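Engineer: Below is data.txt; it holds compact mmCIF, C-alpha atoms.
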# COMPACT_ATOMS: atom_id res chain seq x y z
CA MET M 20 0.00 0.00 0.00
CA ARG M 21 1.11 3.54 -0.70
CA PHE M 22 0.23 6.86 1.00
CA GLY M 23 0.93 10.05 -0.94
CA PHE M 24 1.37 13.49 0.63
CA LEU M 25 0.78 16.39 -1.76
CA VAL M 26 3.24 19.29 -1.47
CA TYR M 27 3.44 22.67 -3.22
CA PRO M 28 5.19 26.01 -2.61
CA GLY M 29 3.71 27.58 0.52
CA VAL M 30 2.36 24.37 2.01
CA GLU M 31 2.02 24.78 5.79
CA GLU M 32 4.72 22.78 7.52
CA LEU M 33 2.77 21.11 10.33
CA ASP M 34 -0.23 20.39 8.04
CA LEU M 35 2.14 18.10 6.17
CA VAL M 36 4.48 16.78 8.86
CA GLY M 37 1.91 16.02 11.59
CA PRO M 38 0.13 13.44 9.37
CA TRP M 39 3.46 12.38 7.80
CA GLU M 40 4.88 11.47 11.22
CA MET M 41 1.76 9.46 12.15
CA ALA M 42 1.73 7.62 8.80
CA THR M 43 5.45 6.86 8.82
CA MET M 44 5.21 5.59 12.42
CA TRP M 45 2.45 3.28 11.13
CA ARG M 46 4.93 2.15 8.47
CA SER M 47 7.72 1.64 11.06
CA TYR M 48 5.82 -0.13 13.81
CA ALA M 49 2.88 -1.88 12.17
CA ASP M 50 3.67 -2.55 8.51
CA GLY M 51 1.81 0.56 7.29
CA PRO M 52 1.92 1.89 3.74
CA GLU M 53 4.98 3.28 2.01
CA CYS M 54 4.84 7.09 2.37
CA LEU M 55 6.02 9.61 -0.21
CA THR M 56 5.74 13.33 -0.92
CA VAL M 57 4.40 14.32 -4.34
CA GLY M 58 4.93 17.68 -6.04
CA ALA M 59 4.37 19.14 -9.51
CA ASN M 60 8.05 18.33 -10.06
CA THR M 61 10.99 17.36 -7.85
CA ASP M 62 12.50 20.84 -7.56
CA GLY M 63 12.94 22.09 -4.01
CA ILE M 64 10.07 24.10 -2.54
CA VAL M 65 9.80 26.63 0.26
CA CYS M 66 6.99 25.94 2.72
CA ALA M 67 4.68 28.61 4.23
CA LYS M 68 7.03 29.43 7.11
CA GLY M 69 10.29 29.04 5.20
CA LEU M 70 11.22 25.37 5.64
CA LYS M 71 12.97 24.11 2.51
CA MET M 72 12.01 20.65 1.30
CA THR M 73 12.19 18.49 -1.81
CA PRO M 74 9.34 16.25 -3.03
CA ASP M 75 10.06 12.55 -3.61
CA VAL M 76 8.22 12.28 -6.94
CA SER M 77 6.52 14.47 -9.53
CA PHE M 78 2.85 14.25 -10.52
CA ASP M 79 3.88 12.49 -13.75
CA GLU M 80 6.08 9.90 -12.04
CA CYS M 81 3.85 9.27 -9.02
CA PRO M 82 3.04 5.55 -8.70
CA LYS M 83 -0.44 4.28 -7.87
CA LEU M 84 -1.62 5.53 -4.47
CA ASP M 85 -4.05 4.00 -2.00
CA PHE M 86 -4.40 7.17 0.10
CA LEU M 87 -3.68 10.82 -0.66
CA LEU M 88 -3.43 13.60 1.95
CA VAL M 89 -3.71 17.24 0.86
CA PRO M 90 -2.24 19.67 3.40
CA GLY M 91 -3.19 23.36 3.54
CA GLY M 92 -1.76 26.80 4.11
CA PHE M 93 -2.86 30.14 2.65
CA ALA M 94 -1.24 29.01 -0.61
CA ALA M 95 -3.83 26.22 -0.90
CA LEU M 96 -6.42 28.84 -1.89
CA GLU M 97 -4.32 29.72 -4.95
CA GLN M 98 -3.46 26.08 -5.65
CA ALA M 99 -7.21 25.34 -5.75
CA GLU M 100 -7.13 27.34 -9.00
CA ASN M 101 -4.04 25.59 -10.41
CA PRO M 102 -5.39 23.28 -13.15
CA ASP M 103 -2.43 20.84 -13.13
CA LEU M 104 -2.55 20.35 -9.37
CA VAL M 105 -6.35 20.08 -9.27
CA ARG M 106 -6.29 17.57 -12.13
CA PHE M 107 -3.71 15.45 -10.26
CA VAL M 108 -5.88 15.39 -7.12
CA SER M 109 -9.06 14.75 -9.07
CA ARG M 110 -7.57 11.78 -10.96
CA ARG M 111 -6.03 10.29 -7.83
CA GLY M 112 -9.43 10.59 -6.19
CA LEU M 113 -10.64 7.93 -8.64
CA GLU M 114 -7.97 5.40 -7.63
CA CYS M 115 -7.46 6.08 -3.90
CA SER M 116 -9.58 4.21 -1.38
CA HIS M 117 -9.41 7.24 0.96
CA MET M 118 -8.72 10.97 0.40
CA LEU M 119 -7.73 13.28 3.27
CA SER M 120 -7.12 16.99 3.72
CA VAL M 121 -5.85 19.23 6.51
CA CYS M 122 -6.81 22.88 7.05
CA THR M 123 -7.36 24.74 3.74
CA GLY M 124 -6.44 21.56 1.86
CA SER M 125 -10.23 21.09 1.76
CA PHE M 126 -10.42 23.93 -0.82
CA ILE M 127 -8.23 21.82 -3.13
CA LEU M 128 -10.40 18.73 -2.54
CA HIS M 129 -13.44 20.89 -3.30
CA ALA M 130 -11.92 22.20 -6.54
CA ALA M 131 -11.19 18.60 -7.52
CA GLY M 132 -14.85 17.68 -7.04
CA ILE M 133 -14.11 15.38 -4.12
CA LEU M 134 -16.25 17.20 -1.53
CA ARG M 135 -19.36 17.13 -3.73
CA ASP M 136 -22.42 16.55 -1.51
CA ARG M 137 -20.21 15.77 1.47
CA ARG M 138 -19.69 17.06 4.99
CA ALA M 139 -16.28 18.68 5.48
CA THR M 140 -14.30 21.16 7.57
CA THR M 141 -11.32 23.53 7.41
CA HIS M 142 -9.31 26.06 9.48
CA TRP M 143 -11.62 28.23 11.63
CA LYS M 144 -10.51 31.30 9.64
CA LEU M 145 -11.91 29.86 6.40
CA LEU M 146 -15.14 28.22 7.59
CA ALA M 147 -17.22 31.06 6.11
CA ALA M 148 -15.34 30.92 2.81
CA LEU M 149 -15.87 27.16 2.52
CA ARG M 150 -19.59 27.65 3.24
CA GLU M 151 -19.81 29.88 0.17
CA LYS M 152 -18.72 26.98 -2.05
CA ASP M 153 -21.36 24.85 -3.78
CA HIS M 154 -22.42 21.34 -2.80
CA VAL M 155 -20.53 21.01 0.48
CA THR M 156 -21.89 20.96 4.04
CA VAL M 157 -19.44 22.63 6.42
CA VAL M 158 -19.17 21.10 9.89
CA GLU M 159 -17.32 22.71 12.82
CA ASP M 160 -15.62 19.58 14.17
CA ARG M 161 -11.90 18.91 14.68
CA PHE M 162 -12.13 16.45 11.83
CA VAL M 163 -14.93 15.02 9.74
CA ARG M 164 -15.24 11.71 7.96
CA ASP M 165 -17.81 11.39 5.21
CA GLY M 166 -17.46 7.98 3.58
CA ASN M 167 -13.91 7.74 2.28
CA VAL M 168 -13.23 11.49 2.46
CA TRP M 169 -11.61 12.86 5.63
CA THR M 170 -11.08 16.58 6.29
CA SER M 171 -9.67 18.34 9.35
CA ALA M 172 -9.57 21.73 11.00
CA GLY M 173 -6.40 23.84 10.91
CA VAL M 174 -2.73 22.88 10.99
CA SER M 175 -2.27 20.65 14.08
CA ALA M 176 -5.69 18.98 13.59
CA GLY M 177 -4.13 16.81 10.89
CA ILE M 178 -2.49 14.73 13.64
CA ASP M 179 -5.84 13.83 15.23
CA LEU M 180 -7.30 13.20 11.76
CA THR M 181 -4.53 10.80 10.75
CA LEU M 182 -4.64 8.83 14.00
CA ALA M 183 -8.41 8.38 13.59
CA PHE M 184 -7.86 7.35 9.98
CA ILE M 185 -5.24 4.76 10.98
CA ALA M 186 -7.58 3.43 13.68
CA GLU M 187 -10.29 3.00 11.03
CA VAL M 188 -8.13 1.38 8.36
CA ALA M 189 -5.78 -0.69 10.55
CA GLY M 190 -7.57 -0.89 13.91
CA PRO M 191 -7.24 0.93 17.25
CA GLU M 192 -4.25 -1.15 18.43
CA THR M 193 -2.25 0.01 15.40
CA ALA M 194 -3.26 3.63 16.12
CA SER M 195 -2.18 2.97 19.71
CA LEU M 196 1.32 1.89 18.58
CA VAL M 197 1.61 5.04 16.48
CA GLN M 198 0.40 7.23 19.34
CA TYR M 199 2.77 5.58 21.82
CA ASN M 200 5.85 5.82 19.62
CA SER M 201 5.16 9.43 18.68
CA GLU M 202 4.30 10.05 22.37
CA TYR M 203 1.16 11.91 21.36
CA TYR M 204 -0.41 12.54 24.76
CA PRO M 205 -0.87 16.33 24.62
CA ASP M 206 -1.15 18.15 27.93
CA GLY M 207 -4.39 19.82 26.77
CA LYS M 208 -3.39 23.19 28.22
CA ILE M 209 -5.23 26.16 26.74
CA TYR M 210 -3.45 29.51 26.87
CA GLY M 211 -4.98 32.98 27.15
CA SER M 212 -8.04 34.27 25.34
CA ALA M 213 -7.20 34.60 21.63
CA HIS M 214 -9.70 31.84 20.80
CA ASP M 215 -12.51 33.74 22.49
CA THR M 216 -14.01 35.10 19.24
CA PRO M 217 -17.21 34.42 17.29
CA GLN M 218 -15.05 32.99 14.46
CA ALA M 219 -13.85 30.08 16.61
CA SER M 220 -14.94 26.64 15.41
CA ALA M 221 -17.77 25.09 17.44
CA TYR M 222 -15.69 22.13 18.68
CA PHE M 223 -13.17 24.31 20.50
CA ARG M 224 -15.64 26.92 21.66
CA LYS M 225 -17.16 23.98 23.52
CA LEU M 226 -13.74 22.73 24.66
CA THR M 227 -12.54 26.09 25.95
CA ALA M 228 -15.87 26.78 27.68
CA GLU M 229 -15.30 23.66 29.79
CA PRO M 230 -11.56 23.56 30.51
CA ARG M 231 -10.02 20.21 31.26
CA PRO M 232 -8.87 19.51 34.80
CA MET F 22 15.83 37.97 18.07
CA ARG F 23 16.73 34.73 16.36
CA PHE F 24 15.62 31.12 16.99
CA GLY F 25 17.79 28.34 15.54
CA PHE F 26 16.61 24.77 14.86
CA LEU F 27 19.39 22.21 14.64
CA VAL F 28 19.03 19.62 11.87
CA TYR F 29 21.10 16.58 10.90
CA PRO F 30 20.62 13.41 8.82
CA GLY F 31 18.02 11.25 10.52
CA VAL F 32 16.40 14.04 12.55
CA GLU F 33 12.83 13.03 13.42
CA GLU F 34 10.42 15.07 11.34
CA LEU F 35 7.81 16.07 13.94
CA ASP F 36 10.47 16.73 16.61
CA LEU F 37 11.61 19.54 14.34
CA VAL F 38 8.42 20.74 12.67
CA GLY F 39 6.13 20.79 15.73
CA PRO F 40 8.28 23.42 17.48
CA TRP F 41 9.09 25.09 14.12
CA GLU F 42 5.38 25.66 13.42
CA MET F 43 4.80 27.13 16.91
CA ALA F 44 7.84 29.42 16.67
CA THR F 45 7.07 30.61 13.15
CA MET F 46 3.45 31.30 14.14
CA TRP F 47 4.91 33.42 16.96
CA ARG F 48 6.94 35.23 14.27
CA SER F 49 3.85 35.69 12.04
CA TYR F 50 1.30 36.79 14.60
CA ALA F 51 3.19 38.42 17.46
CA ASP F 52 6.54 39.68 16.20
CA GLY F 53 8.44 36.59 17.39
CA PRO F 54 12.06 35.80 16.51
CA GLU F 55 13.36 35.05 13.04
CA CYS F 56 13.50 31.25 12.67
CA LEU F 57 16.12 29.29 10.75
CA THR F 58 17.32 25.72 10.37
CA VAL F 59 21.02 25.07 10.99
CA GLY F 60 22.99 22.08 9.72
CA ALA F 61 26.65 21.06 9.50
CA ASN F 62 26.43 22.37 5.93
CA THR F 63 23.65 23.38 3.57
CA ASP F 64 23.51 20.11 1.65
CA GLY F 65 20.12 18.43 1.59
CA ILE F 66 19.44 15.89 4.33
CA VAL F 67 17.07 12.96 4.67
CA CYS F 68 15.08 12.93 7.92
CA ALA F 69 14.33 9.82 10.03
CA LYS F 70 11.22 8.88 8.07
CA GLY F 71 12.46 9.95 4.64
CA LEU F 72 11.41 13.61 4.33
CA LYS F 73 14.01 15.50 2.29
CA MET F 74 14.93 18.97 3.56
CA THR F 75 17.67 21.54 3.20
CA PRO F 76 19.10 23.59 6.11
CA ASP F 77 19.08 27.39 5.84
CA VAL F 78 22.63 27.91 7.15
CA SER F 79 25.72 25.93 8.07
CA PHE F 80 27.31 25.84 11.53
CA ASP F 81 30.06 28.17 10.28
CA GLU F 82 27.68 30.72 8.77
CA CYS F 83 25.07 30.64 11.52
CA PRO F 84 24.45 34.15 12.89
CA LYS F 85 24.09 34.85 16.61
CA LEU F 86 21.14 32.98 18.13
CA ASP F 87 18.96 33.82 21.11
CA PHE F 88 17.37 30.37 21.31
CA LEU F 89 18.43 26.98 19.97
CA LEU F 90 16.19 23.91 19.73
CA VAL F 91 17.73 20.45 19.32
CA PRO F 92 15.28 17.87 17.94
CA GLY F 93 15.77 14.12 18.36
CA GLY F 94 15.37 10.83 16.55
CA PHE F 95 17.40 7.63 16.91
CA ALA F 96 20.17 9.40 14.97
CA ALA F 97 20.56 11.86 17.86
CA LEU F 98 22.29 9.11 19.85
CA GLU F 99 25.03 8.96 17.17
CA GLN F 100 25.12 12.74 16.76
CA ALA F 101 25.79 13.03 20.50
CA GLU F 102 29.20 11.54 19.61
CA ASN F 103 29.82 13.83 16.63
CA PRO F 104 32.46 16.34 17.86
CA ASP F 105 31.61 19.10 15.32
CA LEU F 106 27.91 19.02 16.10
CA VAL F 107 28.44 18.80 19.87
CA ARG F 108 30.92 21.69 19.72
CA PHE F 109 28.38 23.81 17.80
CA VAL F 110 25.68 23.15 20.42
CA SER F 111 28.08 23.68 23.30
CA ARG F 112 29.29 27.05 21.99
CA ARG F 113 25.78 28.25 21.20
CA GLY F 114 24.85 27.31 24.75
CA LEU F 115 27.11 30.11 25.92
CA GLU F 116 25.33 32.79 23.85
CA CYS F 117 21.69 31.64 23.85
CA SER F 118 19.37 32.84 26.57
CA HIS F 119 17.43 29.55 26.34
CA MET F 120 18.29 26.07 25.04
CA LEU F 121 15.61 23.50 24.20
CA SER F 122 15.51 19.86 23.14
CA VAL F 123 12.84 17.41 22.02
CA CYS F 124 12.92 13.63 22.54
CA THR F 125 16.47 12.21 22.27
CA GLY F 126 17.78 15.72 21.53
CA SER F 127 18.48 15.73 25.27
CA PHE F 128 21.38 13.30 24.64
CA ILE F 129 22.99 15.96 22.43
CA LEU F 130 22.42 18.64 25.09
CA HIS F 131 23.96 16.27 27.63
CA ALA F 132 27.02 15.63 25.45
CA ALA F 133 27.41 19.41 25.09
CA GLY F 134 27.49 19.80 28.89
CA ILE F 135 24.21 21.71 28.95
CA LEU F 136 22.29 19.30 31.19
CA ARG F 137 24.98 19.29 33.87
CA ASP F 138 23.29 19.18 37.29
CA ARG F 139 19.88 19.79 35.74
CA ARG F 140 16.51 18.07 35.61
CA ALA F 141 15.64 16.84 32.13
CA THR F 142 13.54 14.34 30.16
CA THR F 143 13.46 12.39 26.88
CA HIS F 144 11.38 9.85 24.89
CA TRP F 145 9.96 7.13 27.18
CA LYS F 146 12.06 4.55 25.32
CA LEU F 147 15.30 6.24 26.38
CA LEU F 148 14.54 7.29 29.97
CA ALA F 149 16.68 4.45 31.36
CA ALA F 150 19.56 5.29 29.01
CA LEU F 151 19.47 8.97 30.03
CA ARG F 152 19.48 7.92 33.70
CA GLU F 153 22.79 6.15 33.09
CA LYS F 154 24.41 9.46 32.11
CA ASP F 155 26.30 11.49 34.69
CA HIS F 156 25.14 14.66 36.39
CA VAL F 157 21.54 14.74 35.14
CA THR F 158 18.31 14.12 37.03
CA VAL F 159 15.75 12.43 34.80
CA VAL F 160 12.13 13.47 35.28
CA GLU F 161 9.13 11.69 33.73
CA ASP F 162 7.12 14.77 32.74
CA ARG F 163 5.88 15.81 29.28
CA PHE F 164 8.42 18.62 29.42
CA VAL F 165 10.78 19.98 32.02
CA ARG F 166 12.16 23.46 32.53
CA ASP F 167 15.27 23.85 34.65
CA GLY F 168 16.37 27.47 34.52
CA ASN F 169 16.99 28.33 30.89
CA VAL F 170 17.15 24.70 29.72
CA TRP F 171 13.94 23.09 28.44
CA THR F 172 13.66 19.41 27.48
CA SER F 173 10.64 17.43 26.35
CA ALA F 174 9.42 13.86 26.01
CA GLY F 175 9.22 12.19 22.60
CA VAL F 176 8.34 13.55 19.16
CA SER F 177 4.98 15.37 19.53
CA ALA F 178 5.86 16.66 23.03
CA GLY F 179 7.96 19.38 21.40
CA ILE F 180 4.73 21.21 20.52
CA ASP F 181 3.67 21.46 24.18
CA LEU F 182 7.23 22.41 25.15
CA THR F 183 7.44 25.23 22.63
CA LEU F 184 4.04 26.69 23.54
CA ALA F 185 5.06 26.74 27.22
CA PHE F 186 8.36 28.34 26.26
CA ILE F 187 6.61 31.06 24.23
CA ALA F 188 4.21 31.68 27.13
CA GLU F 189 7.22 32.15 29.42
CA VAL F 190 9.25 34.41 27.13
CA ALA F 191 6.45 36.39 25.48
CA GLY F 192 3.46 35.89 27.78
CA PRO F 193 0.37 33.66 27.72
CA GLU F 194 -1.57 35.88 25.31
CA THR F 195 1.17 35.42 22.70
CA ALA F 196 1.09 31.65 23.28
CA SER F 197 -2.68 31.92 22.91
CA LEU F 198 -2.34 33.56 19.46
CA VAL F 199 0.05 30.81 18.39
CA GLN F 200 -2.26 28.11 19.71
CA TYR F 201 -5.32 29.67 18.03
CA ASN F 202 -3.67 30.12 14.63
CA SER F 203 -2.20 26.61 14.62
CA GLU F 204 -5.57 25.39 15.97
CA TYR F 205 -3.79 23.32 18.60
CA TYR F 206 -6.75 22.01 20.58
CA PRO F 207 -6.09 18.24 20.47
CA ASP F 208 -9.05 15.96 21.02
CA GLY F 209 -7.14 14.08 23.73
CA LYS F 210 -8.32 10.69 22.50
CA ILE F 211 -6.18 7.77 23.63
CA TYR F 212 -6.22 4.68 21.44
CA GLY F 213 -5.79 1.05 22.47
CA SER F 214 -3.33 -0.34 24.97
CA ALA F 215 0.21 -0.03 23.52
CA HIS F 216 1.12 2.49 26.24
CA ASP F 217 0.19 0.03 28.97
CA THR F 218 3.80 -1.01 29.71
CA PRO F 219 6.19 -0.46 32.63
CA GLN F 220 8.39 1.62 30.30
CA ALA F 221 5.72 4.31 29.88
CA SER F 222 6.66 7.74 31.24
CA ALA F 223 4.98 8.61 34.56
CA TYR F 224 3.04 11.60 33.16
CA PHE F 225 1.10 9.52 30.68
CA ARG F 226 0.71 6.49 32.86
CA LYS F 227 -1.20 8.91 35.07
CA LEU F 228 -3.06 10.41 32.10
CA THR F 229 -4.13 7.07 30.66
CA ALA F 230 -5.14 5.73 34.06
CA GLU F 231 -7.68 8.57 34.33
CA PRO F 232 -9.09 9.02 30.82
CA ARG F 233 -10.49 12.41 29.96
CA PRO F 234 -14.24 12.74 29.59
Any chance you could give the structure as structure tokens?

Structural biologist:
Amino acid sequence: MRFGFLVYPGVEELDLVGPWEMATMWRSYADGPECLTVGANTDGIVCAKGLKMTPDVSFDECPKLDFLLVPGGFAALEQAENPDLVRFVSRRGLECSHMLSVCTGSFILHAAGILRDRRATTHWKLLAALREKDHVTVVEDRFVRDGNVWTSAGVSAGIDLTLAFIAEVAGPETASLVQYNSEYYPDGKIYGSAHDTPQASAYFRKLTAEPRP
Amino acid sequence: MRFGFLVYPGVEELDLVGPWEMATMWRSYADGPECLTVGANTDGIVCAKGLKMTPDVSFDECPKLDFLLVPGGFAALEQAENPDLVRFVSRRGLECSHMLSVCTGSFILHAAGILRDRRATTHWKLLAALREKDHVTVVEDRFVRDGNVWTSAGVSAGIDLTLAFIAEVAGPETASLVQYNSEYYPDGKIYGSAHDTPQASAYFRKLTAEPRP
């Protein structure tokens, strides 16, 4: 099995690497799929916050994939209008058994026709913009599964999304191995009041209204 | 101000990118420090799980830093015996106001003399190995601050570490902006039973014994 991770200039670093770490831990500890990054070509790219990386394969050379994850970043809104990239995602949507996106990656899935008549989510800042798109029902959860299409809220939410996806595809004990080896037991601390706005996604308005012990 | 992120072949992806995302969000939303990756040279490197990246600057060309974060990975245990890398970390320890490590990065800090007579932590798998080192008190917390030296547990724990560090240096409202923009409100779900071993770090043995609602 093979798990592709789409990359493009301006991709948000943690949108990509959170899920990448979970999926490659699955590979390392429980015979998970081969993981590879896929870009328009194999030239180096600069991510949203300046990290320099190089994709493993180009769109043209990308082998058959079982799963494709589309990370976000502000640049995803432009990439959703890039015909070559949207065509790649759209075609892979026909062969993959599951498609996933993080943050504004959902705008690329939408442009590729993959969110048609589905429930989906995105970064809290873009919930209203996603609602303006046709044929998608926007949900304010940390992540949403609708059939074989999985979308998450912003940036770090891709970690929770990918663990849930692994639990579904390979079982909770495999997700447990991934969680244990990546030591993903967050302290749950919530700082300050920046999230106290009407824009905040429903799931964390609820969370922050009832702080954990 | 300037925040350096050490990289080397085999560095664990999320050890680096979790803190990187938090620090660069601090830069974007609250005038935080300039962030850069620092390697032995600026040749491309392959991370622990295969991600290909390129450091911004070499050890020799690295400008003055205020903070340095040392990520881990199994390769950190070898790098702790690499004299050039250890010398770089040791010298920067004299100029930085804070030094941080994630996961097995603490073995590099130890080799550089920075953990001397301090409390520190590491990935649960290496707690016993760190205890065998001289002049360090190993603590089983998600992260530990001892003066201006901050160390965290494995892989994903670097996110919690860096948020706490930002809250300390720039105040909780700045940490709040970083947390809100990276949407770091984990669902706290714990999968399966892999963590149910005597090796598990005390902080998450406690956590998993009392599941969150």

Engineer: Write out as an NGL selection string the residues lying within 6 Å of segment 79-95 of chain M, counting all atoms listed in the file and excluding same-chain residues fewer than 5 positions away.

Structural biologist: :M and (21-25 or 29-31 or 34-35 or 115-124)

Engineer: Select all residues from chain F having any atom no more than 7 Å from an atom of chain M (counting only C-alpha atoms, ignoring ligands), output as a JSON list (two decimals) with C-alpha atoms, in the coordinates of the input.

Structural biologist:
[["chain", "number", "residue", "atom", "x", "y", "z"],
["F", 34, "GLU", "CA", 10.42, 15.07, 11.34],
["F", 35, "LEU", "CA", 7.81, 16.07, 13.94],
["F", 38, "VAL", "CA", 8.42, 20.74, 12.67],
["F", 39, "GLY", "CA", 6.13, 20.79, 15.73],
["F", 42, "GLU", "CA", 5.38, 25.66, 13.42],
["F", 45, "THR", "CA", 7.07, 30.61, 13.15],
["F", 70, "LYS", "CA", 11.22, 8.88, 8.07],
["F", 73, "LYS", "CA", 14.01, 15.50, 2.29],
["F", 74, "MET", "CA", 14.93, 18.97, 3.56],
["F", 75, "THR", "CA", 17.67, 21.54, 3.20],
["F", 175, "GLY", "CA", 9.22, 12.19, 22.60],
["F", 176, "VAL", "CA", 8.34, 13.55, 19.16],
["F", 177, "SER", "CA", 4.98, 15.37, 19.53],
["F", 178, "ALA", "CA", 5.86, 16.66, 23.03],
["F", 181, "ASP", "CA", 3.67, 21.46, 24.18],
["F", 193, "PRO", "CA", 0.37, 33.66, 27.72],
["F", 194, "GLU", "CA", -1.57, 35.88, 25.31],
["F", 196, "ALA", "CA", 1.09, 31.65, 23.28],
["F", 197, "SER", "CA", -2.68, 31.92, 22.91],
["F", 198, "LEU", "CA", -2.34, 33.56, 19.46],
["F", 201, "TYR", "CA", -5.32, 29.67, 18.03],
["F", 203, "SER", "CA", -2.20, 26.61, 14.62],
["F", 204, "GLU", "CA", -5.57, 25.39, 15.97],
["F", 205, "TYR", "CA", -3.79, 23.32, 18.60],
["F", 206, "TYR", "CA", -6.75, 22.01, 20.58],
["F", 207, "PRO", "CA", -6.09, 18.24, 20.47],
["F", 208, "ASP", "CA", -9.05, 15.96, 21.02],
["F", 209, "GLY", "CA", -7.14, 14.08, 23.73],
["F", 212, "TYR", "CA", -6.22, 4.68, 21.44],
["F", 213, "GLY", "CA", -5.79, 1.05, 22.47],
["F", 214, "SER", "CA", -3.33, -0.34, 24.97],
["F", 215, "ALA", "CA", 0.21, -0.03, 23.52],
["F", 216, "HIS", "CA", 1.12, 2.49, 26.24],
["F", 225, "PHE", "CA", 1.10, 9.52, 30.68]]

Engineer: Taking every listed atom of segment 117-131 of chain F and adding 8 Å to each side, what centre and edge lengths in Å (one decimal) does the axis-aligned box have, as AutoDock Vina command-line options?

Structural biologist:
--center_x 18.4 --center_y 22.5 --center_z 24.6 --size_x 27.1 --size_y 36.6 --size_z 22.1

Engineer: Expressed in Å to a single decimal, how great is the separation between atom CA of Glu53 of chain M and atom CA of Ser125 of chain M?

Structural biologist: 23.4 Å

Engineer: Which residues are near Asp105 of chain F? Cut-off 12 Å, all atoms listed in the file, ignore same chain within fewer than 6 positions. Put them as a list in words.

Structural biologist: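 My reading of the contact set: Tyr29, Gly60, Ala61, Asn62, Ser79, Phe80, Asp81, Ser111, Arg112, Ile129, Ala132 and Ala133 of chain F.
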
Engineer: One decimal, in Å: what's the spacing between atom CA of Lys152 of chain M and atom CA of Gln98 of chain M?

Structural biologist: 15.7 Å

Engineer: One decimal, in Å: what's the spacing between atom CA of Val28 of chain F and atom CA of Val59 of chain F?

Structural biologist: 5.9 Å

Engineer: Contacts of His156 of chain F at 12 Å or less, counting all atoms listed in the file, minus same-chain residues fewer than 3 places along, as a PyMOL selection string?

Structural biologist: chain F and resi 131-132+134-141+151-153+159

Engineer: Limited to C-alpha atoms, could you put the picked residues into a file as a PDB file, keeping the file's coordinate frame?

Structural biologist:
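Dumped everything to again35.pdb:
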ATOM      1  CA  HIS F 131      23.960  16.270  27.630  1.00  0.00           C
ATOM      2  CA  ALA F 132      27.020  15.630  25.450  1.00  0.00           C
ATOM      3  CA  GLY F 134      27.490  19.800  28.890  1.00  0.00           C
ATOM      4  CA  ILE F 135      24.210  21.710  28.950  1.00  0.00           C
ATOM      5  CA  LEU F 136      22.290  19.300  31.190  1.00  0.00           C
ATOM      6  CA  ARG F 137      24.980  19.290  33.870  1.00  0.00           C
ATOM      7  CA  ASP F 138      23.290  19.180  37.290  1.00  0.00           C
ATOM      8  CA  ARG F 139      19.880  19.790  35.740  1.00  0.00           C
ATOM      9  CA  ARG F 140      16.510  18.070  35.610  1.00  0.00           C
ATOM     10  CA  ALA F 141      15.640  16.840  32.130  1.00  0.00           C
ATOM     11  CA  LEU F 151      19.470   8.970  30.030  1.00  0.00           C
ATOM     12  CA  ARG F 152      19.480   7.920  33.700  1.00  0.00           C
ATOM     13  CA  GLU F 153      22.790   6.150  33.090  1.00  0.00           C
ATOM     14  CA  VAL F 159      15.750  12.430  34.800  1.00  0.00           C
TER      15      VAL F 159
END
